[in-house]
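Novice: Supplied structure: work.cif, mmCIF, C-alpha atoms and all ligand atoms.
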```cif
data_start
#
loop_
_atom_site.label_atom_id
_atom_site.label_comp_id
_atom_site.auth_asym_id
_atom_site.auth_seq_id
_atom_site.Cartn_x
_atom_site.Cartn_y
_atom_site.Cartn_z
CA MET N 795 0.00 0.00 0.00
CA SER N 796 1.12 3.55 -0.60
CA LEU N 797 0.30 6.58 1.52
CA GLU N 798 -0.12 10.09 0.20
CA LEU N 799 -1.16 13.26 1.99
CA SER N 800 -2.50 15.86 -0.36
CA ASP N 801 -2.95 19.46 0.83
CA VAL N 802 -3.76 18.31 4.35
CA THR N 803 -4.75 21.06 6.74
CA VAL N 804 -5.48 20.54 10.44
CA ALA N 805 -6.38 23.16 13.03
CA LEU N 806 -6.68 22.14 16.68
CA GLY N 807 -8.28 23.77 19.69
CA SER N 808 -10.92 26.45 19.82
CA GLY N 809 -11.18 30.17 20.42
CA ASP N 810 -7.86 31.87 21.14
CA ALA N 811 -6.14 28.48 21.42
CA ARG N 812 -7.07 27.49 17.85
CA THR N 813 -3.85 26.67 16.02
CA THR N 814 -3.20 25.60 12.46
CA VAL N 815 -0.89 22.67 13.03
CA LEU N 816 -0.69 21.30 9.48
CA ASP N 817 -1.07 23.74 6.65
CA GLY N 818 -1.50 22.28 3.16
CA VAL N 819 0.86 19.37 3.78
CA CYS N 820 1.76 17.20 0.81
CA ALA N 821 3.85 14.07 1.24
CA ARG N 822 4.13 10.66 -0.34
CA PHE N 823 5.38 7.50 1.36
CA SER N 824 6.37 4.33 -0.47
CA PRO N 825 5.82 0.71 0.60
CA GLY N 826 8.79 -1.02 2.15
CA THR N 827 10.37 2.18 3.42
CA VAL N 828 10.86 3.80 6.81
CA THR N 829 10.48 7.57 6.88
CA ALA N 830 11.81 9.45 9.90
CA LEU N 831 9.57 12.43 10.56
CA VAL N 832 11.68 15.06 12.27
CA GLY N 833 11.15 18.58 13.57
CA PRO N 834 11.04 20.49 16.83
CA SER N 835 8.62 19.72 19.62
CA GLY N 836 5.21 21.11 18.69
CA SER N 837 5.86 21.10 14.94
CA GLY N 838 2.99 18.66 14.31
CA LYS N 839 4.62 15.26 13.99
CA SER N 840 2.11 13.44 16.22
CA THR N 841 -0.73 15.28 14.51
CA LEU N 842 0.50 14.12 11.12
CA LEU N 843 0.62 10.52 12.38
CA ALA N 844 -2.92 10.85 13.76
CA VAL N 845 -4.22 12.13 10.42
CA ALA N 846 -2.32 9.50 8.42
CA GLY N 847 -3.70 6.79 10.70
CA ALA N 848 -7.34 7.88 10.39
CA LEU N 849 -7.49 8.83 14.08
CA LEU N 850 -8.04 12.48 13.27
CA ARG N 851 -9.99 13.83 10.34
CA PRO N 852 -8.26 16.73 8.56
CA ASP N 853 -10.12 20.02 8.10
CA ASP N 854 -9.09 19.95 4.47
CA GLY N 855 -7.19 17.76 2.03
CA GLN N 856 -6.91 14.06 1.31
CA VAL N 857 -5.25 11.12 3.04
CA LEU N 858 -4.85 8.51 0.32
CA LEU N 859 -4.11 4.95 1.39
CA ASP N 860 -3.60 3.06 -1.85
CA GLY N 861 -5.59 5.79 -3.57
CA ARG N 862 -8.57 5.58 -1.18
CA ASP N 863 -9.24 8.81 0.68
CA LEU N 864 -9.48 7.98 4.39
CA ALA N 865 -10.65 11.52 5.15
CA ALA N 866 -13.77 10.97 3.07
CA LEU N 867 -14.79 7.64 4.66
CA GLY N 868 -17.49 7.32 7.30
CA ASP N 869 -16.55 6.59 10.90
CA SER N 870 -17.20 2.86 10.76
CA GLN N 871 -15.20 2.45 7.56
CA ARG N 872 -12.34 4.41 9.06
CA ALA N 873 -12.44 2.17 12.14
CA ARG N 874 -12.31 -0.87 9.90
CA VAL N 875 -9.29 0.43 7.95
CA ARG N 876 -7.56 1.14 11.28
CA ARG N 877 -8.24 -2.37 12.57
CA GLU N 878 -7.25 -4.18 9.40
CA HIS N 879 -4.43 -2.16 7.93
CA ILE N 880 -2.82 0.18 10.44
CA GLY N 881 -0.46 -0.48 13.35
CA TYR N 882 0.26 2.28 15.87
CA MET N 883 2.74 2.79 18.57
CA PHE N 884 1.91 5.88 20.61
CA GLN N 885 4.31 7.73 22.90
CA SER N 886 2.22 6.67 25.88
CA GLY N 887 2.05 3.03 24.82
CA ASN N 888 -1.76 3.11 25.17
CA LEU N 889 -2.05 -0.36 26.65
CA LEU N 890 -5.27 -1.79 28.08
CA SER N 891 -5.15 -1.86 31.85
CA GLY N 892 -5.60 -5.23 33.51
CA LEU N 893 -4.23 -7.21 30.56
CA THR N 894 -0.81 -8.86 30.57
CA ALA N 895 1.84 -8.05 27.99
CA VAL N 896 1.00 -11.05 25.86
CA GLU N 897 -2.74 -10.43 26.22
CA GLN N 898 -2.26 -6.90 24.87
CA LEU N 899 -1.12 -8.41 21.59
CA LEU N 900 -3.72 -11.17 21.49
CA ALA N 901 -6.56 -8.76 22.28
CA ALA N 902 -5.49 -6.54 19.37
CA ALA N 903 -5.39 -9.59 17.09
CA SER N 904 -8.85 -10.63 18.21
CA ILE N 905 -10.25 -7.12 17.60
CA ALA N 906 -8.78 -7.30 14.09
CA GLY N 907 -10.69 -10.54 13.50
CA ARG N 908 -7.71 -12.89 13.81
CA ARG N 909 -7.53 -16.06 15.91
CA PRO N 910 -5.47 -15.19 18.97
CA ARG N 911 -4.49 -18.79 19.71
CA ARG N 912 -2.67 -19.09 16.40
CA LEU N 913 -0.72 -15.92 17.07
CA ARG N 914 0.42 -16.62 20.63
CA HIS N 915 3.80 -18.01 19.60
CA ARG N 916 4.48 -15.07 17.27
CA ALA N 917 3.33 -12.66 19.99
CA GLU N 918 5.80 -14.15 22.46
CA GLU N 919 8.57 -14.04 19.85
CA LEU N 920 7.93 -10.36 19.20
CA LEU N 921 7.82 -9.52 22.90
CA ALA N 922 11.18 -11.25 23.28
CA ALA N 923 12.51 -9.36 20.25
CA VAL N 924 11.62 -6.00 21.81
CA GLY N 925 13.27 -7.06 25.07
CA VAL N 926 10.28 -7.81 27.28
CA GLY N 927 10.27 -11.61 26.96
CA HIS N 928 10.73 -11.78 30.75
CA ARG N 929 7.57 -9.71 31.32
CA LEU N 930 4.99 -11.73 29.37
CA THR N 931 2.60 -12.09 32.30
CA HIS N 932 3.07 -8.62 33.78
CA ARG N 933 -0.03 -6.46 33.49
CA ALA N 934 0.18 -3.01 31.86
CA GLU N 935 0.33 -1.24 35.23
CA GLN N 936 3.19 -3.47 36.35
CA LEU N 937 5.40 -2.42 33.43
CA SER N 938 7.78 0.55 33.24
CA GLY N 939 7.13 3.34 30.72
CA GLY N 940 9.80 1.98 28.36
CA GLU N 941 8.45 -1.57 28.72
CA ARG N 942 4.94 -0.37 27.93
CA GLN N 943 6.21 1.32 24.78
CA ARG N 944 8.02 -1.83 23.72
CA VAL N 945 4.89 -3.94 24.26
CA ALA N 946 3.01 -1.39 22.15
CA LEU N 947 5.58 -1.78 19.38
CA ALA N 948 5.30 -5.57 19.47
CA ARG N 949 1.51 -5.20 19.31
CA ALA N 950 1.80 -2.89 16.30
CA LEU N 951 4.07 -5.37 14.51
CA LEU N 952 2.06 -8.52 15.28
CA LEU N 953 -0.32 -8.31 12.35
CA ALA N 954 2.27 -6.91 9.89
CA PRO N 955 0.12 -3.86 9.07
CA ALA N 956 0.29 -2.18 5.68
CA LEU N 957 0.82 1.14 7.45
CA LEU N 958 2.94 1.36 10.60
CA LEU N 959 2.89 4.63 12.53
CA VAL N 960 5.34 5.01 15.37
CA ASP N 961 5.67 7.96 17.74
CA GLU N 962 9.02 8.42 19.49
CA PRO N 963 9.97 4.74 19.80
CA THR N 964 13.29 5.42 21.51
CA ALA N 965 12.26 8.17 23.94
CA ALA N 966 11.99 5.98 27.03
CA VAL N 967 14.65 3.33 26.43
CA ASP N 968 18.43 3.13 26.69
CA ARG N 969 20.79 3.32 23.68
CA SER N 970 21.17 -0.39 23.21
CA GLN N 971 17.42 -1.01 23.37
CA ALA N 972 16.87 1.94 21.04
CA GLY N 973 19.13 0.30 18.45
CA THR N 974 17.27 -3.00 18.77
CA LEU N 975 13.85 -1.35 18.37
CA THR N 976 14.92 0.74 15.41
CA GLU N 977 16.41 -2.25 13.63
CA LEU N 978 13.28 -4.28 14.31
CA ILE N 979 11.08 -1.56 12.81
CA ALA N 980 13.31 -1.33 9.73
CA ALA N 981 13.54 -5.13 9.30
CA SER N 982 9.77 -5.58 9.63
CA THR N 983 9.13 -2.75 7.15
CA HIS N 984 11.49 -4.19 4.56
CA GLU N 985 10.27 -7.76 5.05
CA HIS N 986 6.53 -7.00 4.88
CA GLY N 987 6.68 -4.05 2.49
CA CYS N 988 4.70 -1.76 4.76
CA VAL N 989 4.74 2.03 4.79
CA THR N 990 6.38 3.08 8.04
CA VAL N 991 6.46 6.60 9.42
CA VAL N 992 8.37 7.24 12.64
CA ALA N 993 8.15 10.57 14.45
CA THR N 994 11.45 11.05 16.23
CA HIS N 995 13.93 13.43 17.82
CA ASP N 996 16.58 10.72 17.81
CA PRO N 997 19.30 11.14 15.12
CA ALA N 998 20.06 7.41 15.42
CA VAL N 999 16.54 6.62 14.17
CA SER N 1000 16.93 9.02 11.23
CA GLU N 1001 20.17 7.29 10.31
CA VAL N 1002 18.53 3.89 10.07
CA ALA N 1003 15.48 5.24 8.20
CA ASP N 1004 15.33 5.11 4.40
CA HIS N 1005 14.12 8.73 4.22
CA ARG N 1006 14.07 11.74 6.46
CA LEU N 1007 11.23 14.22 6.26
CA ASP N 1008 11.51 17.53 8.08
CA MET N 1009 8.26 19.11 9.30
CA ALA N 1010 9.76 22.49 8.42
CA ALA N 1011 9.59 21.47 4.76
CA LEU N 1012 5.91 20.56 5.10
CA THR N 1013 4.07 22.89 7.40
CA GLY N 1014 2.92 26.00 5.65
CA ALA N 1015 3.80 24.43 2.31
CA ALA N 1016 0.48 24.76 0.55
CA THR N 1017 1.99 24.46 -2.89
CA GLY N 1018 4.17 21.80 -4.42
CA ALA N 1019 4.35 18.19 -3.29
CA ARG N 1020 7.09 17.35 -0.85
CA ARG N 1021 7.95 13.77 -1.45
CA ALA N 1022 9.05 11.58 1.39
CA ASP N 1023 10.13 8.88 -1.02
CA GLN N 1024 12.95 10.99 -2.40
CA PRO N 1025 16.23 11.21 -0.54
N1 LIG N 1101 -6.20 20.09 21.31
C1 LIG N 1101 -5.33 21.03 20.95
N2 LIG N 1101 -5.68 22.34 20.93
C2 LIG N 1101 -4.82 23.29 20.54
N3 LIG N 1101 -3.55 23.04 20.14
C3 LIG N 1101 -3.16 21.77 20.14
C4 LIG N 1101 -4.00 20.69 20.55
N4 LIG N 1101 -3.32 19.53 20.44
C5 LIG N 1101 -2.08 19.86 20.00
N5 LIG N 1101 -1.98 21.20 19.82
C6 LIG N 1101 -0.81 21.95 19.34
O1 LIG N 1101 -0.45 21.41 18.09
C7 LIG N 1101 0.95 21.51 17.91
C8 LIG N 1101 1.50 20.21 17.35
O2 LIG N 1101 1.43 19.18 18.34
P1 LIG N 1101 2.06 17.76 18.04
O3 LIG N 1101 1.83 16.93 19.26
O4 LIG N 1101 1.54 17.23 16.75
O5 LIG N 1101 3.61 18.13 17.87
P2 LIG N 1101 4.89 17.17 17.86
O6 LIG N 1101 5.79 17.67 16.78
O7 LIG N 1101 4.47 15.73 17.80
O8 LIG N 1101 5.54 17.48 19.28
P3 LIG N 1101 6.48 16.57 20.22
O9 LIG N 1101 7.79 16.39 19.49
O10 LIG N 1101 6.63 17.43 21.45
O11 LIG N 1101 5.75 15.27 20.50
C9 LIG N 1101 1.55 21.90 19.25
O12 LIG N 1101 1.94 23.24 19.18
C10 LIG N 1101 0.41 21.72 20.22
O13 LIG N 1101 0.45 22.67 21.25
#
```
Go ahead and render the structure in this file as C-alpha cells.

Specialist:
Amino acid sequence: MSLELSDVTVALGSGDARTTVLDGVCARFSPGTVTALVGPSGSGKSTLLAVAGALLRPDDGQVLLDGRDLAALGDSQRARVRREHIGYMFQSGNLLSGLTAVEQLLAAASIAGRRPRRLRHRAEELLAAVGVGHRLTHRAEQLSGGERQRVALARALLLAPALLLVDEPTAAVDRSQAGTLTELIAASTHEHGCVTVVATHDPAVSEVADHRLDMAALTGAATGARRADQP
C-alpha cells in the first residue's frame, strides 16, 4: 500500500487556542520504506501521524491509502481500515489496563478478527525481540514506561500492518534497546513491504530510516508536493 497526503490542513483547539498545526501538507510515502519524521517539539509530527492513521480527520485535504481517501470515509469504515491495515505505537504506549503483555497483543489480534491462539507463539517471539520476553505475564500497570512502549511496538508489529505509525519509539529506552527497536522496525518494514512513518527526535533513528522528512519542509507548504520517497 502507498500513503499520500495531499494538501492536508489541520487546526486544533478552539477560540484563542485554535492553532493551524498542518497547513497544506503534501507528502508521499512508499511501501517497504521507513520515513523518519523530524522537527522540533510542537511542529505537528504526532498530529501528522494521527491524520495518516485515520485517528483524526483533517479540516481539508486528502489522506490517500492506496488511492482511497481515508478523510472521506465514514466513521465505521475508518475504524475498519484502522483495525485491518494500520499499526500504531503511541508515545504513551496506550495499553489496556488489567491485561498482561502477551494479552495486549492477542486482544489486538482478536479485535482485528484474527484467531489469537494461532498468534500466541508469534506474539511471544515479538515480545522477546523488543526485550520484554521476561515480562509476558506482567499487566500493563506493572510495566515501566519503556516496557509499555516496547509492548506497544510488538503489538503494532504482530499483524504486519500495511501502514505502521510510530511515535518516538526510543524516547523511554536506553541506547542499546533503542538500536534493537529501530532495527526491528526497519527489518519488519522491509520484510513485509509496509509504509512506516516514525516521528522522532533521535538522530540514530533518522540514520537507520530510508528517508528523512523535516516538518519544516511541510508545514505551511500549501503548494508543491514534498515527497518523502525521495532522498
Ligand atoms: N487540542 C489542541 N488544541 C490546541 N492546540 C493543540 C491541541 N493539540 C495539539 N496542539 C498543538 O499542536 C501543535 C502540534 O502538536 P504535536 O503533538 O503534533 O507536535 P509534535 O511535533 O508531535 O511534538 P512533540 O515532538 O513534542 O511530540 C503543538 O503546538 C500543540 O500545542

Novice: Give as a compact mmCIF listing (two decimals) with C-alpha atoms, in the coordinates of the input the residues surrounding ligand LIG 1101 (chain N) up to a distance of 6 Å, considering all atoms listed in the file.

Specialist:
```
# COMPACT_ATOMS: atom_id res chain seq x y z
CA LEU N 806 -6.68 22.14 16.68
CA GLY N 807 -8.28 23.77 19.69
CA ALA N 811 -6.14 28.48 21.42
CA ARG N 812 -7.07 27.49 17.85
CA THR N 813 -3.85 26.67 16.02
CA VAL N 815 -0.89 22.67 13.03
CA PRO N 834 11.04 20.49 16.83
CA SER N 835 8.62 19.72 19.62
CA GLY N 836 5.21 21.11 18.69
CA SER N 837 5.86 21.10 14.94
CA GLY N 838 2.99 18.66 14.31
CA LYS N 839 4.62 15.26 13.99
CA SER N 840 2.11 13.44 16.22
CA THR N 841 -0.73 15.28 14.51
```

Novice: Please give the centre and size of the box around region 898-906 of chain N (axis-aligned, containing every atom listed in the file, 6 Å added per side), with values in Å to one decimal and written as JSON.

Specialist:
```
{"center_x": -5.7, "center_y": -8.9, "center_z": 19.5, "size_x": 21.1, "size_y": 16.6, "size_z": 22.8}
```

Novice: Expressed in Å to a single decimal, how great is the separation between CA of Ala821 (chain N) and CA of Leu1012 (chain N)?

Specialist: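 Interatomic distance here is 7.8 Å.
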
Novice: Using all atoms listed in the file, find each residue of region 877-931 of chain N with at least one atom at most 10 Å away from an atom of region 962-986 of chain N; report its shortest atom-to-atom pair and that distance in Å (one decimal), sort the rows by chain and rising residue number, and return the result as a tab-separated table.

Specialist:
```
residue	atom	partner	partner_atom	distance
N:Met883	CA	N:Pro963	CA	7.6
N:Phe884	CA	N:Glu962	CA	7.6
N:Gln885	CA	N:Glu962	CA	5.9
N:Ser886	CA	N:Glu962	CA	9.5
N:Gly887	CA	N:Pro963	CA	9.5
N:Leu920	CA	N:Leu978	CA	9.5
N:Ala923	CA	N:Leu978	CA	7.9
N:Val924	CA	N:Leu975	CA	6.2
N:Gly925	CA	N:Gln971	CA	7.5
```

Novice: Just to confirm, what's the straight-line distance from CA of Pro997 (chain N) to CA of Met1009 (chain N) in Å (one decimal)?

Specialist: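 Going from CA of Pro997 (chain N) over to CA of Met1009 (chain N), I get 14.8 Å.
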
Novice: For Asp854 (chain N), which residue out of N:Leu937, N:Leu890, N:Val991, N:Cys820 is the nearest one, using all atoms listed in the file?

Specialist: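 Of all the options, N:Cys820 lies closest to Asp854 (chain N).
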
Novice: Need to verify the contact set: Glu935 (chain N), 12 Å, only C-alpha atoms, exclusion of same-chain residues closer than 3 positions in sequence. Can you return it as a PyMOL selection string?

Specialist: chain N and resi 887-895+929+931-932+938-939+941-942

Novice: What gap, in Å, lies between CA of Pro955 (chain N) and CA of His879 (chain N)?

Specialist: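 These atoms are spaced 5.0 Å apart.
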
Novice: Let me make sure I understand: among N:Val819, N:Ala1003, N:Leu859, N:Leu843, which one has the smallest atom-to-atom distance to Glu798 (chain N) if we use all atoms listed in the file?

Specialist: N:Leu859

Novice: Find the residue from N:Thr994, N:Ser800, N:Ser808, N:Thr829 that sits nearest to Leu864 (chain N); use all atoms listed in the file when measuring.

Specialist: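 Among the listed residues, the smallest separation from Leu864 (chain N) belongs to N:Ser800.
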
Novice: Just checking: using all atoms listed in the file, which residue out of N:Arg851, N:Arg862, N:Arg876, N:Arg1006 ends up closest to Ala956 (chain N)?

Specialist: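 For Ala956 (chain N), the nearest of the given residues is N:Arg876.
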
Novice: Hey, which of N:Val945, N:Leu867, N:Leu930, N:Leu842 ends up closest to Ala993 (chain N)? Count only C-alpha atoms.

Specialist: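 For Ala993 (chain N), the nearest of the given residues is N:Leu842.
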
Novice: Around the point (3.0, 1.1, 10.6), in the coordinates given by the file, pick out the residues reaching within 7 Å, counting only C-alpha atoms, and return them as a list of chain:residue names.

Specialist: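 The distance filter leaves exactly N:Ile880, N:Gly881, N:Tyr882, N:Pro955, N:Ala956, N:Leu957, N:Leu958, N:Leu959, N:Val960, N:Cys988, N:Val989, N:Thr990, N:Val991.
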
Novice: Residues as selected, C-alpha atoms, written as a short mmCIF file (atom, residue, chain, number, x, y, z; two decimals), in the frame of the given file, can you do that?

Specialist:
```cif
data_model
loop_
_atom_site.label_atom_id
_atom_site.label_comp_id
_atom_site.auth_asym_id
_atom_site.auth_seq_id
_atom_site.Cartn_x
_atom_site.Cartn_y
_atom_site.Cartn_z
CA ILE N 880 -2.82 0.18 10.44
CA GLY N 881 -0.46 -0.48 13.35
CA TYR N 882 0.26 2.28 15.87
CA PRO N 955 0.12 -3.86 9.07
CA ALA N 956 0.29 -2.18 5.68
CA LEU N 957 0.82 1.14 7.45
CA LEU N 958 2.94 1.36 10.60
CA LEU N 959 2.89 4.63 12.53
CA VAL N 960 5.34 5.01 15.37
CA CYS N 988 4.70 -1.76 4.76
CA VAL N 989 4.74 2.03 4.79
CA THR N 990 6.38 3.08 8.04
CA VAL N 991 6.46 6.60 9.42
#
```

Novice: Counting only C-alpha atoms, which residues have an atom no more than 12 Å from (-8.7, 13.2, 12.2) in the file's coordinates? Please list them as a ChimeraX atom specification.

Specialist: /N:802-806,816,840-857,864-869,872-873

Novice: Hey, which of N:Gln936, N:Ser1000, N:Gln943, N:Ser796 ends up closest to Asp863 (chain N)? Count all atoms listed in the file.

Specialist: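 Closest residue, counting all atoms listed in the file: N:Ser796.
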